[in-house]
Amino acid sequence: MTDKFQSDVDISFLKTDTLNAAKRLLGLEIITRVGDEVTSGFITEVEAYLGVNDKAAHTFGGRRNKKNEMMYKPYGHIYVYTMHGHNCMNFLTTEGEPEGILIRAVEPNMGIDVMKERRGRDINLTDGPGKLTKSLGITRGAHNGMELNNDVLIVRHGRTPGNILATPRIGIDNKEEAVDYPYRFIVEGNPHVSRFKGKAAANKGWK
């Protein structure tokens with residue numbers, strides 16, 4: 001890691017198509033600098049939420065309240081919400097529509113010892129949306145509503161997925177037809193995802 005904490009990714013791809021953007025996020029490296037600690041991970045799992053027409057989205061039907069207000073910021077901002085005491089981080093997408101992409105899992109890269117200390121364990125550090133935010137030092141109180149590629153969190157080019165697998169999203173069992181939308185995308189064969197089935201690829205699913 002050089003002294004220059006900056007992104008090499010043009011995030012304008014986030015502004016047009018949320019489903020396509022979700023797939024393009026896979027393999028990018030999220031790097032955080034919280035205090036003096038630098039941590040990072042390659043994105044292995046995401047879920048897309050398509051706003052006012054998606055019954056699983058926080059902004060379905062144009063819902064707007066104190067909790068989801070940051071979803072109405074322009075693309076390229078971060079929406080952090082809490083669920084059962086855990087922080088969950090979304091990257092906002094599209095121009096003028098409250099859509100976003102939940103970052104569900106990353107493969108740890110830099111600062112693994114820091115992650116272990118923050119999580120109080122040695123394994124399963126980032127295989128879930130609440131786990132990865134804790135490992136990376138992201139909280140709702142400090143980071144909700146900030147722009148991507150700032151002095152705390154950047155994305156950089158990282159790995160290239162071998163195959164991207166689309167599945168239904170997780171934990172939305174009461175959202176009627178939205179339960180079946182194949183809006184969860186994972187790097188097939190990577191063990192650092194929230195629900196892993198089958199055998200891990202020798203290259204962890206990267207090309």
# chains A, B, ... in the order shown; residues from 1 in each chain; ligands from 1
call {"tool": "residues_around", "arguments": {"residues": "segment 143-150 of chain A", "least_positions_apart": "3", "cutoff": "8 Å", "atoms": "only C-alpha atoms", "output": "number ranges by chain"}}
result
A: 6-7, 70, 73, 76-81, 91, 138-140, 153-155
call {"tool": "closest_atom_pairs", "arguments": {"of": "segment 114-137 of chain A", "to": "segment 102-110 of chain A", "cutoff": "7 Å", "atoms": "only C-alpha atoms", "output": "Markdown table"}}
result
| residue | atom | partner | partner_atom | distance |
| --- | --- | --- | --- | --- |
| A:Thr126 | CA | A:Ala105 | CA | 5.7 |
| A:Asp127 | CA | A:Ala105 | CA | 4.8 |
| A:Gly128 | CA | A:Ala105 | CA | 5.0 |
| A:Pro129 | CA | A:Arg104 | CA | 4.2 |
| A:Leu132 | CA | A:Ala105 | CA | 6.3 |
call {"tool": "residues_around", "arguments": {"residues": "Ile172 of chain A", "least_positions_apart": "3", "cutoff": "12 Å", "atoms": "only C-alpha atoms", "output": "PyMOL selection string"}}
result
chain A and resi 47+49+54-58+168-169+175-181+183-184
call {"tool": "atom_distance", "arguments": {"atom1": "atom CA of Glu37 of chain A", "atom2": "atom CA of Ile112 of chain A"}}
result
10.6 Å
call {"tool": "select_by_dssp", "arguments": {"residues": "segment 41-140 of chain A", "states": "helix (DSSP H, G or I)", "output": "list in words"}}
result
Gly51, Val52, Asn53, Phe60, Gly61, Gly62, Glu69, Met70, Met71, Tyr72, Ile112, Asp113, Val114, Met115, Lys116, Glu117, Arg118, Arg119, Pro129, Gly130, Lys131, Leu132, Thr133, Lys134, Ser135, Leu136 and Arg140 of chain A
call {"tool": "write_last_selection", "arguments": {"atoms": "N, CA, C and O atoms", "output": "CSV table (one decimal), in the first residue's frame"}}
result
chain,number,residue,atom,x,y,z
A,51,GLY,N,-35.1,-0.1,-5.3
A,51,GLY,CA,-35.8,1.0,-4.9
A,51,GLY,C,-37.3,0.9,-4.9
A,51,GLY,O,-37.9,0.0,-4.3
A,52,VAL,N,-38.0,1.9,-5.4
A,52,VAL,CA,-39.5,2.1,-5.2
A,52,VAL,C,-40.3,0.9,-5.7
A,52,VAL,O,-41.4,0.7,-5.3
A,53,ASN,N,-39.8,0.1,-6.7
A,53,ASN,CA,-40.5,-1.0,-7.2
A,53,ASN,C,-40.1,-2.4,-6.7
A,53,ASN,O,-40.6,-3.4,-7.1
A,60,PHE,N,-39.0,1.0,-0.9
A,60,PHE,CA,-40.2,0.5,-1.7
A,60,PHE,C,-41.4,1.5,-1.6
A,60,PHE,O,-41.7,1.9,-0.5
A,61,GLY,N,-42.0,1.8,-2.7
A,61,GLY,CA,-43.1,2.6,-2.8
A,61,GLY,C,-42.8,4.1,-2.5
A,61,GLY,O,-43.7,4.9,-2.2
A,62,GLY,N,-41.5,4.5,-2.5
A,62,GLY,CA,-41.2,5.8,-2.2
A,62,GLY,C,-41.0,6.1,-0.8
A,62,GLY,O,-41.0,7.3,-0.4
A,69,GLU,N,-33.1,7.9,5.0
A,69,GLU,CA,-33.0,9.2,4.3
A,69,GLU,C,-31.7,9.3,3.4
A,69,GLU,O,-31.7,9.8,2.3
A,70,MET,N,-30.7,8.6,3.8
A,70,MET,CA,-29.4,8.6,3.1
A,70,MET,C,-29.5,7.9,1.7
A,70,MET,O,-28.7,8.1,0.8
A,71,MET,N,-30.6,7.0,1.6
A,71,MET,CA,-30.8,6.4,0.3
A,71,MET,C,-31.1,7.3,-0.8
A,71,MET,O,-31.1,7.0,-2.0
A,72,TYR,N,-31.5,8.5,-0.4
A,72,TYR,CA,-31.9,9.5,-1.4
A,72,TYR,C,-30.8,10.4,-1.9
A,72,TYR,O,-31.0,11.4,-2.6
A,112,ILE,N,-5.4,-8.1,8.4
A,112,ILE,CA,-6.2,-9.3,8.9
A,112,ILE,C,-6.1,-9.3,10.4
A,112,ILE,O,-7.0,-9.7,11.1
A,113,ASP,N,-4.9,-9.0,10.9
A,113,ASP,CA,-4.8,-9.0,12.4
A,113,ASP,C,-5.7,-8.0,13.1
A,113,ASP,O,-6.2,-8.2,14.2
A,114,VAL,N,-5.8,-6.9,12.4
A,114,VAL,CA,-6.7,-5.8,12.9
A,114,VAL,C,-8.2,-6.3,12.9
A,114,VAL,O,-9.0,-6.1,13.8
A,115,MET,N,-8.5,-7.0,11.8
A,115,MET,CA,-9.9,-7.6,11.7
A,115,MET,C,-10.1,-8.6,12.8
A,115,MET,O,-11.2,-8.6,13.4
A,116,LYS,N,-9.2,-9.4,13.1
A,116,LYS,CA,-9.3,-10.4,14.1
A,116,LYS,C,-9.6,-9.7,15.5
A,116,LYS,O,-10.4,-10.2,16.3
A,117,GLU,N,-8.8,-8.7,15.7
A,117,GLU,CA,-9.0,-8.0,17.0
A,117,GLU,C,-10.4,-7.3,17.1
A,117,GLU,O,-11.0,-7.4,18.1
A,118,ARG,N,-10.8,-6.7,16.0
A,118,ARG,CA,-12.1,-6.1,16.0
A,118,ARG,C,-13.2,-7.1,16.2
A,118,ARG,O,-14.2,-6.8,16.8
A,119,ARG,N,-13.1,-8.2,15.6
A,119,ARG,CA,-14.1,-9.3,15.6
A,119,ARG,C,-14.0,-10.2,16.9
A,119,ARG,O,-15.0,-10.9,17.2
A,129,PRO,N,-22.7,-9.3,6.0
A,129,PRO,CA,-22.7,-7.8,5.9
A,129,PRO,C,-22.3,-7.2,7.2
A,129,PRO,O,-21.6,-6.1,7.2
A,130,GLY,N,-22.7,-7.7,8.3
A,130,GLY,CA,-22.4,-7.1,9.6
A,130,GLY,C,-21.0,-7.5,10.0
A,130,GLY,O,-20.3,-6.7,10.7
A,131,LYS,N,-20.5,-8.6,9.6
A,131,LYS,CA,-19.1,-9.1,9.9
A,131,LYS,C,-18.1,-8.2,9.2
A,131,LYS,O,-17.1,-7.8,9.8
A,132,LEU,N,-18.4,-7.9,7.9
A,132,LEU,CA,-17.4,-7.2,7.2
A,132,LEU,C,-17.3,-5.7,7.6
A,132,LEU,O,-16.2,-5.1,7.6
A,133,THR,N,-18.4,-5.1,8.0
A,133,THR,CA,-18.3,-3.7,8.5
A,133,THR,C,-17.6,-3.6,9.8
A,133,THR,O,-16.8,-2.7,10.0
A,134,LYS,N,-17.8,-4.6,10.6
A,134,LYS,CA,-17.0,-4.6,11.9
A,134,LYS,C,-15.5,-4.8,11.6
A,134,LYS,O,-14.7,-4.1,12.2
A,135,SER,N,-15.2,-5.7,10.8
A,135,SER,CA,-13.8,-6.0,10.4
A,135,SER,C,-13.1,-4.7,9.8
A,135,SER,O,-12.0,-4.5,10.0
A,136,LEU,N,-13.9,-4.0,9.0
A,136,LEU,CA,-13.4,-2.9,8.3
A,136,LEU,C,-13.5,-1.6,9.0
A,136,LEU,O,-13.0,-0.5,8.6
A,140,ARG,N,-22.5,3.0,11.3
A,140,ARG,CA,-23.6,3.9,10.9
A,140,ARG,C,-23.4,5.3,11.4
A,140,ARG,O,-23.5,6.3,10.7
call {"tool": "select_by_dssp", "arguments": {"residues": "segment 1-206 of chain A", "states": "strand (DSSP E or B)", "output": "ChimeraX atom specification"}}
result
/A:29-34,37-49,77-83,86-93,99-108,147,153-156,161,164-167,184-187,206
call {"tool": "closest_residue", "arguments": {"among": "A:Gly189, A:Gly27, A:Gly85, A:Gly205", "to": "Ile43 of chain A", "atoms": "only C-alpha atoms"}}
result
A:Gly27
call {"tool": "closest_residue", "arguments": {"among": "A:Asn203, A:Thr16, A:Asn90, A:Thr44", "to": "Ile164 of chain A", "atoms": "only C-alpha atoms"}}
result
A:Thr44
call {"tool": "closest_residue", "arguments": {"among": "A:Ala21, A:Asn65, A:Gly137, A:Lys15", "to": "Thr39 of chain A", "atoms": "only C-alpha atoms"}}
result
A:Gly137
call {"tool": "atom_distance", "arguments": {"atom1": "atom CA of Glu45 of chain A", "atom2": "atom CA of Asp173 of chain A"}}
result
19.1 Å
call {"tool": "atom_distance", "arguments": {"atom1": "atom CA of Asp10 of chain A", "atom2": "atom CA of Pro98 of chain A"}}
result
20.5 Å
call {"tool": "closest_residue", "arguments": {"among": "A:Ala202, A:Leu92, A:Leu50, A:Val152", "to": "Phe13 of chain A", "atoms": "only C-alpha atoms"}}
result
A:Leu92
